[in-house]
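Asker: So I've got this file, upload_21.cif, and it contains mmCIF, C-alpha atoms:
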```cif
data_run
#
loop_
_atom_site.label_atom_id
_atom_site.label_comp_id
_atom_site.auth_asym_id
_atom_site.auth_seq_id
_atom_site.Cartn_x
_atom_site.Cartn_y
_atom_site.Cartn_z
CA MET A 1 15.04 12.41 -40.88
CA HIS A 2 14.17 12.52 -44.58
CA LEU A 3 10.92 12.41 -46.53
CA ASN A 4 12.42 12.36 -50.02
CA ASP A 5 15.63 11.33 -51.78
CA ASN A 6 17.99 14.32 -51.72
CA GLU A 7 20.24 12.81 -54.39
CA SER A 8 17.38 12.92 -56.91
CA MET A 9 16.44 16.51 -56.09
CA PRO A 10 16.32 18.70 -59.27
CA LYS A 11 18.60 21.70 -59.22
CA THR A 12 17.51 25.33 -59.48
CA GLY A 13 16.66 26.19 -63.07
CA ASP A 14 15.52 22.67 -63.93
CA PRO A 15 11.95 22.53 -65.36
CA THR A 16 11.02 19.95 -62.68
CA TYR A 17 12.48 22.01 -59.81
CA ASN A 18 10.17 22.15 -56.80
CA LYS A 19 10.76 24.35 -53.76
CA LEU A 20 8.78 21.88 -51.66
CA TYR A 21 10.62 18.81 -52.94
CA LYS A 22 11.74 17.61 -49.49
CA VAL A 23 8.16 17.46 -48.15
CA ALA A 24 6.37 16.71 -51.44
CA PRO A 25 5.63 13.02 -50.63
CA MET A 26 4.00 13.97 -47.34
CA ILE A 27 1.99 16.80 -48.92
CA ASN A 28 0.71 14.54 -51.70
CA HIS A 29 -0.16 11.72 -49.28
CA LEU A 30 -2.07 13.93 -46.84
CA SER A 31 -3.86 15.84 -49.61
CA GLU A 32 -5.17 12.55 -50.98
CA ASN A 33 -6.22 11.11 -47.61
CA PHE A 34 -7.91 14.28 -46.31
CA LEU A 35 -10.30 14.04 -49.25
CA LYS A 36 -10.66 10.27 -49.10
CA PHE A 37 -11.57 9.61 -45.46
CA TYR A 38 -13.90 12.48 -44.57
CA LYS A 39 -17.11 13.96 -45.88
CA PRO A 40 -17.08 17.70 -45.06
CA THR A 41 -20.06 19.78 -44.00
CA LYS A 42 -22.14 21.75 -46.47
CA GLU A 43 -20.69 25.10 -45.39
CA GLN A 44 -16.96 25.58 -46.01
CA ALA A 45 -14.52 28.48 -46.21
CA ILE A 46 -11.25 29.30 -47.95
CA ASP A 47 -8.71 31.51 -46.22
CA GLU A 48 -4.98 31.84 -45.65
CA SER A 49 -3.04 30.35 -42.74
CA MET A 50 0.55 30.86 -41.58
CA ILE A 51 3.37 28.54 -40.50
CA ARG A 52 5.71 30.38 -38.14
CA PHE A 53 9.27 30.70 -39.54
CA LYS A 54 11.85 33.47 -39.04
CA GLY A 55 14.81 32.00 -40.91
CA ARG A 56 15.98 32.66 -44.43
CA SER A 57 13.82 31.29 -47.20
CA SER A 58 12.38 32.45 -50.51
CA LEU A 59 9.05 30.97 -49.37
CA LYS A 60 8.77 33.26 -46.33
CA GLN A 61 6.02 35.88 -46.40
CA TYR A 62 5.36 38.94 -44.26
CA LEU A 63 1.74 39.63 -43.29
CA PRO A 64 1.62 42.46 -40.72
CA GLN A 65 -2.11 42.04 -40.03
CA LYS A 66 -1.84 38.35 -39.09
CA PRO A 67 -1.09 36.99 -35.57
CA ILE A 68 1.84 35.13 -37.15
CA LYS A 69 3.49 37.86 -39.19
CA ARG A 70 6.45 35.98 -40.67
CA GLY A 71 6.37 32.50 -42.08
CA PHE A 72 5.02 30.30 -44.83
CA LYS A 73 1.61 31.10 -46.27
CA VAL A 74 -0.84 28.23 -46.70
CA TRP A 75 -4.12 28.43 -48.59
CA VAL A 76 -6.68 26.30 -46.74
CA ARG A 77 -10.21 25.03 -47.36
CA ALA A 78 -11.90 23.90 -44.13
CA ASP A 79 -15.40 23.00 -42.98
CA LYS A 80 -17.31 24.37 -39.99
CA TYR A 81 -15.77 21.81 -37.57
CA GLY A 82 -12.24 22.97 -38.45
CA PHE A 83 -11.34 19.97 -40.63
CA VAL A 84 -8.72 20.91 -43.23
CA CYS A 85 -10.11 19.41 -46.44
CA GLU A 86 -7.47 20.79 -48.81
CA PHE A 87 -4.38 22.96 -48.48
CA GLN A 88 -1.82 24.53 -50.78
CA ILE A 89 1.52 25.98 -49.66
CA TYR A 90 2.33 29.25 -51.43
CA THR A 91 5.77 29.10 -53.07
CA GLY A 92 6.07 32.79 -54.01
CA LYS A 93 6.58 34.49 -57.33
CA ILE A 94 6.82 32.57 -60.60
CA ASP A 95 9.93 33.38 -62.67
CA GLY A 96 10.51 36.52 -60.61
CA SER A 97 7.11 38.08 -61.36
CA ALA A 98 3.95 38.17 -59.24
CA GLU A 99 1.14 35.90 -60.35
CA LYS A 100 -1.89 37.70 -61.76
CA LEU A 101 -5.35 36.79 -60.43
CA LEU A 102 -3.74 34.76 -57.66
CA GLY A 103 -6.84 34.78 -55.46
CA GLU A 104 -9.10 33.48 -58.22
CA ARG A 105 -6.64 30.73 -59.12
CA VAL A 106 -6.39 29.57 -55.48
CA VAL A 107 -10.19 29.34 -55.08
CA ARG A 108 -10.52 27.37 -58.32
CA ASP A 109 -7.75 24.95 -57.30
CA LEU A 110 -9.21 24.32 -53.83
CA SER A 111 -12.83 23.97 -55.02
CA ARG A 112 -12.44 21.43 -57.84
CA GLU A 113 -13.80 18.66 -55.61
CA LEU A 114 -17.01 20.65 -54.91
CA THR A 115 -18.38 20.97 -58.43
CA PHE A 116 -22.13 20.23 -58.71
CA LYS A 117 -22.34 18.85 -55.15
CA ASN A 118 -24.47 21.63 -53.56
CA TYR A 119 -21.75 22.97 -51.22
CA HIS A 120 -21.68 26.54 -49.90
CA LEU A 121 -18.26 28.18 -50.14
CA TYR A 122 -17.23 31.39 -48.34
CA PHE A 123 -14.06 33.48 -48.74
CA GLY A 124 -12.69 36.97 -48.06
CA ASN A 125 -12.31 40.08 -50.19
CA TYR A 126 -8.82 39.09 -51.34
CA PHE A 127 -10.32 36.34 -53.49
CA THR A 128 -13.73 37.71 -54.48
CA SER A 129 -14.50 39.14 -57.92
CA VAL A 130 -17.45 39.12 -60.30
CA SER A 131 -15.63 36.90 -62.83
CA LEU A 132 -14.85 34.34 -60.11
CA MET A 133 -18.49 34.22 -58.98
CA ILE A 134 -19.66 33.63 -62.55
CA CYS A 135 -17.08 30.87 -63.03
CA LEU A 136 -18.08 29.11 -59.80
CA LYS A 137 -21.77 29.37 -60.65
CA ASN A 138 -21.14 27.69 -64.00
CA GLU A 139 -19.33 24.88 -62.16
CA GLY A 140 -22.23 24.33 -59.76
CA ILE A 141 -20.48 25.82 -56.70
CA GLN A 142 -22.56 28.14 -54.51
CA ALA A 143 -20.17 30.86 -53.32
CA CYS A 144 -20.33 34.03 -51.22
CA GLY A 145 -17.74 36.54 -50.07
CA THR A 146 -16.92 40.12 -49.24
CA VAL A 147 -15.57 42.20 -52.10
CA ARG A 148 -13.32 45.25 -52.30
CA SER A 149 -14.92 48.43 -53.52
CA ASN A 150 -12.35 48.91 -56.32
CA ARG A 151 -13.05 45.59 -58.06
CA LYS A 152 -14.13 45.66 -61.68
CA GLU A 153 -17.73 45.22 -62.85
CA LEU A 154 -19.30 46.35 -59.55
CA PRO A 155 -22.35 48.67 -59.72
CA LYS A 156 -21.26 52.23 -60.44
CA CYS A 157 -24.43 53.83 -59.09
CA GLN A 158 -24.15 53.41 -55.31
CA LYS A 159 -25.28 55.39 -52.30
CA PRO A 160 -22.41 57.18 -50.54
CA ASP A 161 -21.21 55.47 -47.38
CA LYS A 162 -21.86 58.58 -45.30
CA SER A 163 -25.53 58.64 -46.29
CA LEU A 164 -26.13 55.12 -44.91
CA LYS A 165 -27.14 54.61 -41.29
CA LYS A 166 -26.19 51.57 -39.23
CA GLY A 167 -28.30 48.68 -40.50
CA ASP A 168 -29.11 50.24 -43.90
CA SER A 169 -28.37 48.29 -47.08
CA GLU A 170 -28.82 48.33 -50.84
CA TYR A 171 -28.46 45.62 -53.48
CA ARG A 172 -28.28 44.88 -57.21
CA THR A 173 -28.71 41.67 -59.21
CA SER A 174 -27.09 40.95 -62.60
CA PHE A 175 -28.58 39.02 -65.50
CA LYS A 176 -26.09 36.22 -64.83
CA GLY A 177 -27.45 35.59 -61.33
CA ILE A 178 -24.78 37.44 -59.30
CA SER A 179 -26.07 39.47 -56.33
CA TRP A 180 -24.28 42.52 -54.94
CA VAL A 181 -25.16 43.84 -51.46
CA LYS A 182 -23.82 46.87 -49.60
CA TRP A 183 -24.51 46.96 -45.87
CA LYS A 184 -23.58 49.55 -43.25
CA ASP A 185 -22.41 48.11 -39.92
CA ASN A 186 -19.66 50.08 -38.18
CA LYS A 187 -18.53 50.77 -41.73
CA ALA A 188 -19.84 49.89 -45.16
CA VAL A 189 -19.20 46.31 -46.30
CA GLN A 190 -19.88 44.92 -49.78
CA PHE A 191 -20.79 41.31 -50.60
CA LEU A 192 -21.07 39.17 -53.73
CA SER A 193 -23.02 35.93 -53.94
CA ASN A 194 -24.22 33.59 -56.67
CA PHE A 195 -26.97 31.87 -54.65
CA HIS A 196 -28.35 34.32 -52.03
CA ASP A 197 -31.53 36.34 -52.40
CA PRO A 198 -30.36 39.91 -51.68
CA SER A 199 -33.83 40.95 -50.49
CA ASP A 200 -33.77 38.55 -47.51
CA ILE A 201 -33.37 40.52 -44.27
CA ALA A 202 -32.51 39.30 -40.77
CA THR A 203 -31.57 40.92 -37.46
CA VAL A 204 -28.27 40.83 -35.59
CA GLY A 205 -27.28 42.05 -32.13
CA ARG A 206 -24.58 44.65 -31.49
CA LYS A 207 -23.26 45.32 -28.00
CA GLN A 208 -23.32 48.98 -26.91
CA LYS A 209 -20.94 50.81 -24.56
CA ASP A 210 -23.39 50.52 -21.66
CA GLY A 211 -23.56 46.72 -22.10
CA SER A 212 -26.98 46.63 -23.73
CA ILE A 213 -27.67 44.73 -26.98
CA LEU A 214 -28.97 46.72 -29.95
CA GLN A 215 -30.84 44.79 -32.63
CA ILE A 216 -30.19 46.06 -36.17
CA THR A 217 -31.28 44.80 -39.57
CA ALA A 218 -28.80 42.93 -41.77
CA PRO A 219 -29.02 41.11 -45.11
CA LYS A 220 -29.13 37.31 -44.91
CA ILE A 221 -25.95 37.20 -46.98
CA ALA A 222 -24.06 39.08 -44.22
CA VAL A 223 -25.45 36.83 -41.47
CA ASP A 224 -24.39 33.66 -43.31
CA TYR A 225 -20.96 35.06 -44.13
CA ASN A 226 -20.25 35.95 -40.49
CA SER A 227 -21.47 32.53 -39.36
CA TYR A 228 -19.32 30.38 -41.67
CA MET A 229 -16.29 32.44 -42.63
CA GLY A 230 -14.39 31.40 -39.48
CA CYS A 231 -13.85 27.77 -40.54
CA VAL A 232 -10.13 28.20 -41.23
CA ASP A 233 -9.69 30.26 -38.05
CA LYS A 234 -11.20 27.39 -36.05
CA ALA A 235 -8.77 24.97 -37.70
CA ASP A 236 -5.86 27.26 -36.73
CA MET A 237 -7.18 27.51 -33.16
CA LEU A 238 -7.42 23.73 -32.75
CA LYS A 239 -3.94 23.26 -34.20
CA SER A 240 -2.33 25.91 -32.02
CA THR A 241 -3.80 24.57 -28.75
CA TYR A 242 -1.19 21.80 -28.34
CA GLU A 243 1.00 22.32 -31.41
CA LEU A 244 4.55 20.99 -31.74
CA ASN A 245 6.25 24.38 -31.86
CA ARG A 246 9.68 22.90 -32.50
CA LYS A 247 12.27 25.43 -33.67
CA SER A 248 14.48 24.50 -36.59
CA LYS A 249 16.82 26.24 -39.02
CA LYS A 250 15.65 23.89 -41.77
CA ARG A 251 12.56 25.34 -43.36
CA TRP A 252 11.01 22.03 -44.34
CA HIS A 253 11.04 20.85 -40.69
CA ARG A 254 8.60 23.63 -39.79
CA ILE A 255 6.30 22.53 -42.60
CA PHE A 256 6.61 18.90 -41.48
CA TRP A 257 5.59 19.58 -37.87
CA HIS A 258 2.74 21.82 -39.05
CA LEU A 259 1.37 19.00 -41.19
CA VAL A 260 1.70 16.58 -38.26
CA ASP A 261 -0.41 18.90 -36.10
CA VAL A 262 -3.03 19.31 -38.83
CA THR A 263 -3.20 15.54 -39.27
CA VAL A 264 -3.76 14.95 -35.55
CA VAL A 265 -6.53 17.58 -35.41
CA ASN A 266 -8.22 16.13 -38.50
CA SER A 267 -8.03 12.66 -36.97
CA PHE A 268 -9.60 13.98 -33.77
CA ILE A 269 -12.49 15.50 -35.72
CA ILE A 270 -13.08 12.21 -37.56
CA TYR A 271 -12.99 10.37 -34.22
CA ARG A 272 -15.60 12.70 -32.70
CA GLN A 273 -17.81 12.38 -35.79
CA ASN A 274 -17.72 8.57 -35.64
CA ARG A 275 -18.20 8.48 -31.86
CA PRO A 276 -20.54 11.36 -30.94
CA ASP A 277 -21.08 9.99 -27.41
CA SER A 278 -17.37 10.16 -26.57
CA GLN A 279 -16.26 12.92 -24.20
CA MET A 280 -12.57 12.62 -25.09
CA ALA A 281 -10.89 16.02 -25.36
CA LEU A 282 -8.20 16.95 -27.87
CA LYS A 283 -5.45 16.68 -25.25
CA GLU A 284 -6.52 13.18 -24.25
CA PHE A 285 -6.69 12.18 -27.91
CA ARG A 286 -3.14 13.43 -28.55
CA LEU A 287 -1.86 11.51 -25.51
CA ALA A 288 -3.60 8.34 -26.71
CA VAL A 289 -2.01 8.71 -30.16
CA ALA A 290 1.41 9.32 -28.57
CA ASN A 291 1.05 6.23 -26.36
CA ASP A 292 0.22 4.07 -29.38
CA LEU A 293 3.12 5.44 -31.45
CA ILE A 294 5.95 5.39 -28.89
CA GLY A 295 4.80 2.53 -26.64
CA TYR A 296 3.30 2.35 -23.18
CA SER A 297 6.41 3.17 -21.16
CA THR A 298 9.98 4.07 -22.07
CA PRO A 299 13.00 3.56 -19.78
CA ASN A 300 15.08 6.56 -18.85
CA LYS A 301 18.88 6.66 -18.37
CA ARG A 302 18.66 5.04 -14.92
CA GLY A 303 16.55 2.17 -16.19
CA LYS A 304 13.37 3.23 -14.37
CA LYS A 305 10.07 3.38 -16.17
CA GLN A 306 8.56 6.79 -16.70
CA GLN A 307 5.23 7.27 -14.99
CA GLN A 308 2.10 8.22 -16.89
CA LEU A 309 1.46 11.95 -16.41
CA PRO A 310 -2.07 12.76 -15.23
CA ILE A 311 -4.34 14.94 -17.31
CA ASN A 312 -5.23 17.10 -14.31
CA ASN A 313 -4.32 17.38 -10.64
CA TYR A 314 -7.57 15.90 -9.34
CA LYS A 315 -8.14 12.60 -11.17
CA PRO A 316 -5.56 10.87 -13.39
CA LYS A 317 -6.87 9.79 -16.79
CA ILE A 318 -5.32 6.99 -18.86
CA SER A 319 -5.97 6.33 -22.53
CA THR A 320 -8.22 3.39 -23.33
CA THR A 321 -5.46 1.79 -25.41
CA MET A 322 -3.10 1.70 -22.44
CA ARG A 323 -5.83 0.71 -20.01
CA PHE A 324 -6.98 -2.39 -21.91
CA SER A 325 -3.62 -3.54 -23.29
CA GLN A 326 -2.12 -6.84 -22.08
CA VAL A 327 -4.95 -7.54 -19.63
CA PRO A 328 -5.32 -11.38 -19.64
CA HIS A 329 -3.16 -11.90 -16.49
CA LEU A 330 -5.47 -10.45 -13.83
CA PRO A 331 -5.37 -11.28 -10.10
CA THR A 332 -8.43 -13.04 -8.72
CA VAL A 333 -9.39 -13.88 -5.11
CA LEU A 334 -9.57 -17.55 -4.06
CA SER A 335 -12.13 -18.93 -1.65
CA THR A 336 -9.33 -20.73 0.23
CA GLN A 337 -5.64 -20.00 0.68
CA ARG A 338 -3.05 -21.90 -1.34
CA ARG A 339 0.73 -21.95 -1.40
CA CYS A 340 2.42 -19.35 -3.61
CA VAL A 341 4.23 -20.89 -6.58
CA CYS A 342 6.84 -18.14 -6.54
CA CYS A 343 8.03 -17.68 -2.96
CA SER A 344 6.64 -20.63 -0.98
CA THR A 345 9.14 -23.38 -0.05
CA LYS A 346 8.95 -26.60 1.93
CA SER A 347 10.87 -25.07 4.81
CA ILE A 348 9.12 -21.67 4.69
CA PRO A 349 5.55 -22.09 3.37
CA CYS A 350 3.70 -18.97 2.28
CA ARG A 351 -0.04 -19.01 1.53
CA THR A 352 -2.12 -16.48 -0.38
CA SER A 353 -5.71 -15.85 -1.44
CA PHE A 354 -4.79 -14.44 -4.88
CA PHE A 355 -4.15 -16.34 -8.10
CA CYS A 356 -3.60 -15.47 -11.78
CA SER A 357 -6.74 -15.85 -13.88
CA THR A 358 -4.73 -16.93 -16.95
CA CYS A 359 -1.95 -19.07 -15.44
CA ASN A 360 -4.30 -20.42 -12.77
CA VAL A 361 -1.58 -20.37 -10.11
CA PRO A 362 -1.60 -18.76 -6.64
CA LEU A 363 0.67 -15.72 -6.19
CA CYS A 364 1.35 -13.34 -3.30
CA ILE A 365 0.34 -9.70 -3.45
CA LYS A 366 1.51 -8.03 -0.25
CA LYS A 367 2.92 -4.71 0.84
CA GLU A 368 6.39 -6.13 1.45
CA LYS A 369 6.53 -8.28 -1.71
CA ASN A 370 4.72 -8.67 -5.03
CA CYS A 371 5.11 -12.18 -6.40
CA PHE A 372 2.45 -11.50 -9.04
CA GLN A 373 4.71 -8.97 -10.76
CA LYS A 374 7.88 -11.04 -10.22
CA PHE A 375 6.31 -14.16 -11.72
CA HIS A 376 5.25 -12.41 -14.97
CA VAL A 377 8.46 -10.47 -15.64
CA LYS A 378 11.42 -12.08 -17.39
#
```
What does this structure look like when you write it as structure tokens?
Answerer:
Amino acid sequence: MHLNDNESMPKTGDPTYNKLYKVAPMINHLSENFLKFYKPTKEQAIDESMIRFKGRSSLKQYLPQKPIKRGFKVWVRADKYGFVCEFQIYTGKIDGSAEKLLGERVVRDLSRELTFKNYHLYFGNYFTSVSLMICLKNEGIQACGTVRSNRKELPKCQKPDKSLKKGDSEYRTSFKGISWVKWKDNKAVQFLSNFHDPSDIATVGRKQKDGSILQITAPKIAVDYNSYMGCVDKADMLKSTYELNRKSKKRWHRIFWHLVDVTVVNSFIIYRQNRPDSQMALKEFRLAVANDLIGYSTPNKRGKKQQQLPINNYKPKISTTMRFSQVPHLPTVLSTQRRCVCCSTKSIPCRTSFFCSTCNVPLCIKKEKNCFQKFHVK
């Protein structure tokens, strides 16, 4: 299996050398189509995702706080339904040195399609800075995110964290339209936004040890951030439900199967958006796609056809593509019996009440023999 021409691959040190050369055609094709065939929701988020890989590779990253600790890092922009709108695989250091302002560069790269379109973009404290918020505001992108307390240009005059009670908050607003909010939940959290009103207050519930719900005050910026920041996590959850976790020593194979899973999930989301009345689950959708790609039945080594596996143990479910494929030859009941064209002879006549609706010929369908099947098989 190949996605690119290995003989034309640039060598290390060449100006056109690309660590992702072997999967570059697939990455470029999917990146273009994800943007072309789907209109994302207003609220979107940017976060990092991981592709599991434990082999040797200069692309491999170690993130101890992630569920997948070792693998390839992928920067992802997704909407609230979990649709991956854009992605970018991190290739590591450039010329042996770490890239400066990496988080800001990633957000700018993944948000170029959102300029002056009234989208709301959310991201974590790894990306957020005052300079990034000003840049996005100038490009017509409404952004919000948590920010680390040691970032530059944050307000120097702040209340100490210990002096704040649970639910307390304070805020500042700059002349360039950037709002800073500090809110005390279990611990103090700081936010930056270029479109929120920091004075807007809402209430949120927090579960206590005795099981009761305590209502505390919270800034609107914190409520919106907690509501929409999980877009990439939802995309990872949908992908991991039935993912093709195929082990391989070749690093690009892991990236290939990851992109296949993302494509299937994105296709499922588009299907549900176009057919809101459909109750098809993700598992059924994947089975329907598999049936269309590999055929309706494949013979095994003994020549027998493999049976369709049921979705559950109570009621078998078959994809609509398989159910309505090759349906013209259907058995129909006659008002009178006629002689079967397959097994009836002059010496041994055999009559039946069934005939083919397309061929318009009588055929036997009995427990001991099935002339209907024998007549239509070469």
Asker: Could you check how far atom CA of Val23 of chain A sits from atom CA of Leu101 of chain A, in Å to one decimal?
Answerer: 26.6 Å
Asker: Run the PyMOL selection byres ((chain A and resi 44) around 10) mentally over the shown coordinates, then write out the matched residues as a PDB file with C-alpha atoms, in the coordinates of the input, using the chain letters and numbers from the document.
Answerer:
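Once written, out04.pdb looks like this:
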```pdb
ATOM      1  CA  PRO A  40     -17.080  17.700 -45.060  1.00  0.00           C
ATOM      2  CA  THR A  41     -20.060  19.780 -44.000  1.00  0.00           C
ATOM      3  CA  LYS A  42     -22.140  21.750 -46.470  1.00  0.00           C
ATOM      4  CA  GLU A  43     -20.690  25.100 -45.390  1.00  0.00           C
ATOM      5  CA  ALA A  45     -14.520  28.480 -46.210  1.00  0.00           C
ATOM      6  CA  ILE A  46     -11.250  29.300 -47.950  1.00  0.00           C
ATOM      7  CA  ARG A  77     -10.210  25.030 -47.360  1.00  0.00           C
ATOM      8  CA  ALA A  78     -11.900  23.900 -44.130  1.00  0.00           C
ATOM      9  CA  ASP A  79     -15.400  23.000 -42.980  1.00  0.00           C
ATOM     10  CA  LYS A  80     -17.310  24.370 -39.990  1.00  0.00           C
ATOM     11  CA  TYR A  81     -15.770  21.810 -37.570  1.00  0.00           C
ATOM     12  CA  GLY A  82     -12.240  22.970 -38.450  1.00  0.00           C
ATOM     13  CA  PHE A  83     -11.340  19.970 -40.630  1.00  0.00           C
ATOM     14  CA  VAL A  84      -8.720  20.910 -43.230  1.00  0.00           C
ATOM     15  CA  CYS A  85     -10.110  19.410 -46.440  1.00  0.00           C
ATOM     16  CA  TYR A 119     -21.750  22.970 -51.220  1.00  0.00           C
ATOM     17  CA  HIS A 120     -21.680  26.540 -49.900  1.00  0.00           C
ATOM     18  CA  LEU A 121     -18.260  28.180 -50.140  1.00  0.00           C
ATOM     19  CA  TYR A 122     -17.230  31.390 -48.340  1.00  0.00           C
ATOM     20  CA  PHE A 123     -14.060  33.480 -48.740  1.00  0.00           C
ATOM     21  CA  ALA A 143     -20.170  30.860 -53.320  1.00  0.00           C
ATOM     22  CA  TYR A 228     -19.320  30.380 -41.670  1.00  0.00           C
ATOM     23  CA  MET A 229     -16.290  32.440 -42.630  1.00  0.00           C
ATOM     24  CA  GLY A 230     -14.390  31.400 -39.480  1.00  0.00           C
ATOM     25  CA  CYS A 231     -13.850  27.770 -40.540  1.00  0.00           C
ATOM     26  CA  VAL A 232     -10.130  28.200 -41.230  1.00  0.00           C
TER      27      VAL A 232
END
```
Asker: Excluding Gly103 of chain A and its own-chain neighbours fewer than 4 positions away, which residues fall within 9 Å of it when counting only C-alpha atoms? Please give them as a list in words.
Answerer: Val107, Arg108, Tyr126, Phe127 and Thr128 of chain A
Asker: Between A:Val264, A:Ile51, A:Ile270, A:Ala188, which has the minimum distance to Leu164 of chain A (counting only C-alpha atoms)?
Answerer: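 Ranking A:Val264, A:Ile51, A:Ile270, A:Ala188 by distance to Leu164 of chain A, first place goes to A:Ala188.
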Asker: Find the distance between atom CA of Lys207 of chain A and atom CA of Val189 of chain A and write it in Å to one decimal.
Answerer: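 The value is 18.8 Å.
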Asker: Please expand the PyMOL selection byres ((chain A and resi 282-287) around 8) into the concrete residues it hits in this file, giving the result as a list of chain:residue names.
Answerer: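 Applied to this file, the PyMOL selection byres ((chain A and resi 282-287) around 8) returns A:Tyr242, A:Val264, A:Val265, A:Phe268, A:Met280, A:Ala281, A:Ala288, A:Val289, A:Ala290, A:Asn291, A:Ile311, A:Ser319.
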Asker: Between A:Asp200, A:Leu102, A:Met133, A:Arg251, which one has atoms that come closest to Leu20 of chain A, using only C-alpha atoms?
Answerer: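 Closest candidate: A:Arg251.
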Asker: Taking the file as shown, what set of residues would the PyMOL selection byres ((chain A and resi 220-227) around 8) give back, as a list in words?
Answerer: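 Answer for the PyMOL selection byres ((chain A and resi 220-227) around 8): Tyr122, Cys144, Gly145, Phe191, Ser193, His196, Asp197, Pro198, Asp200, Ile201, Ala202, Val204, Ala218, Pro219, Tyr228, Met229 and Gly230 of chain A.
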Asker: Nearest residue to Phe256 of chain A out of A:Leu244, A:Lys73, A:Pro155, A:Leu63, using all atoms listed in the file?
Answerer: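 So, comparing all the options, the nearest one is A:Leu244.
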Asker: Would you mind reading off the distance between atom CA of Ser267 of chain A and atom CA of Tyr38 of chain A, one decimal, in Å?
Answerer: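 Atom-to-atom, atom CA of Ser267 of chain A and atom CA of Tyr38 of chain A are spaced 9.6 Å apart.
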Asker: Quick one: residues within 7 Å of segment 166-176 of chain A, all atoms listed in the file counted, chain neighbours fewer than 4 positions away excluded, as a PDB file with C-alpha atoms, in the frame of the given file?
Answerer:
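As a result, part_7.pdb now contains:
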```pdb
ATOM      1  CA  TRP A 180     -24.280  42.520 -54.940  1.00  0.00           C
ATOM      2  CA  VAL A 181     -25.160  43.840 -51.460  1.00  0.00           C
ATOM      3  CA  LYS A 182     -23.820  46.870 -49.600  1.00  0.00           C
ATOM      4  CA  TRP A 183     -24.510  46.960 -45.870  1.00  0.00           C
ATOM      5  CA  LYS A 184     -23.580  49.550 -43.250  1.00  0.00           C
ATOM      6  CA  ASP A 185     -22.410  48.110 -39.920  1.00  0.00           C
ATOM      7  CA  ASN A 186     -19.660  50.080 -38.180  1.00  0.00           C
ATOM      8  CA  PRO A 198     -30.360  39.910 -51.680  1.00  0.00           C
ATOM      9  CA  ILE A 216     -30.190  46.060 -36.170  1.00  0.00           C
ATOM     10  CA  THR A 217     -31.280  44.800 -39.570  1.00  0.00           C
ATOM     11  CA  ALA A 218     -28.800  42.930 -41.770  1.00  0.00           C
TER      12      ALA A 218
END
```
Asker: Give me, as a PyMOL selection string, all polymer residues having an atom no more than 7 Å from Phe354 of chain A, counting only C-alpha atoms and skipping those fewer than 3 positions away in the same chain.
Answerer: chain A and resi 331-334+362-364
Asker: Taking all atoms listed in the file into account, name the residue in A:Ile255, A:Lys247, A:Gly13, A:Asn150 that is nearest to Phe72 of chain A.
Answerer: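 Ranking A:Ile255, A:Lys247, A:Gly13, A:Asn150 by distance to Phe72 of chain A, first place goes to A:Ile255.
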Asker: Nearest to Asn370 of chain A among A:Cys342, A:Trp252, A:Gly211, A:Pro349, with distances taken over all atoms listed in the file: which residue is it?
Answerer: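 Smallest separation from Asn370 of chain A among the options: A:Cys342.
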Asker: So which one's closest to Leu259 of chain A, A:Ser163, A:Thr91, A:Asn28, A:Thr16? Using only C-alpha atoms, please.
Answerer: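 Under the stated criterion, the closest residue is A:Asn28.
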Asker: Quick one: residues within 6 Å of segment 335-339 of chain A, all atoms listed in the file counted, chain neighbours fewer than 3 positions away excluded, as a VMD selection string?
Answerer: chain A and resid 350 to 353
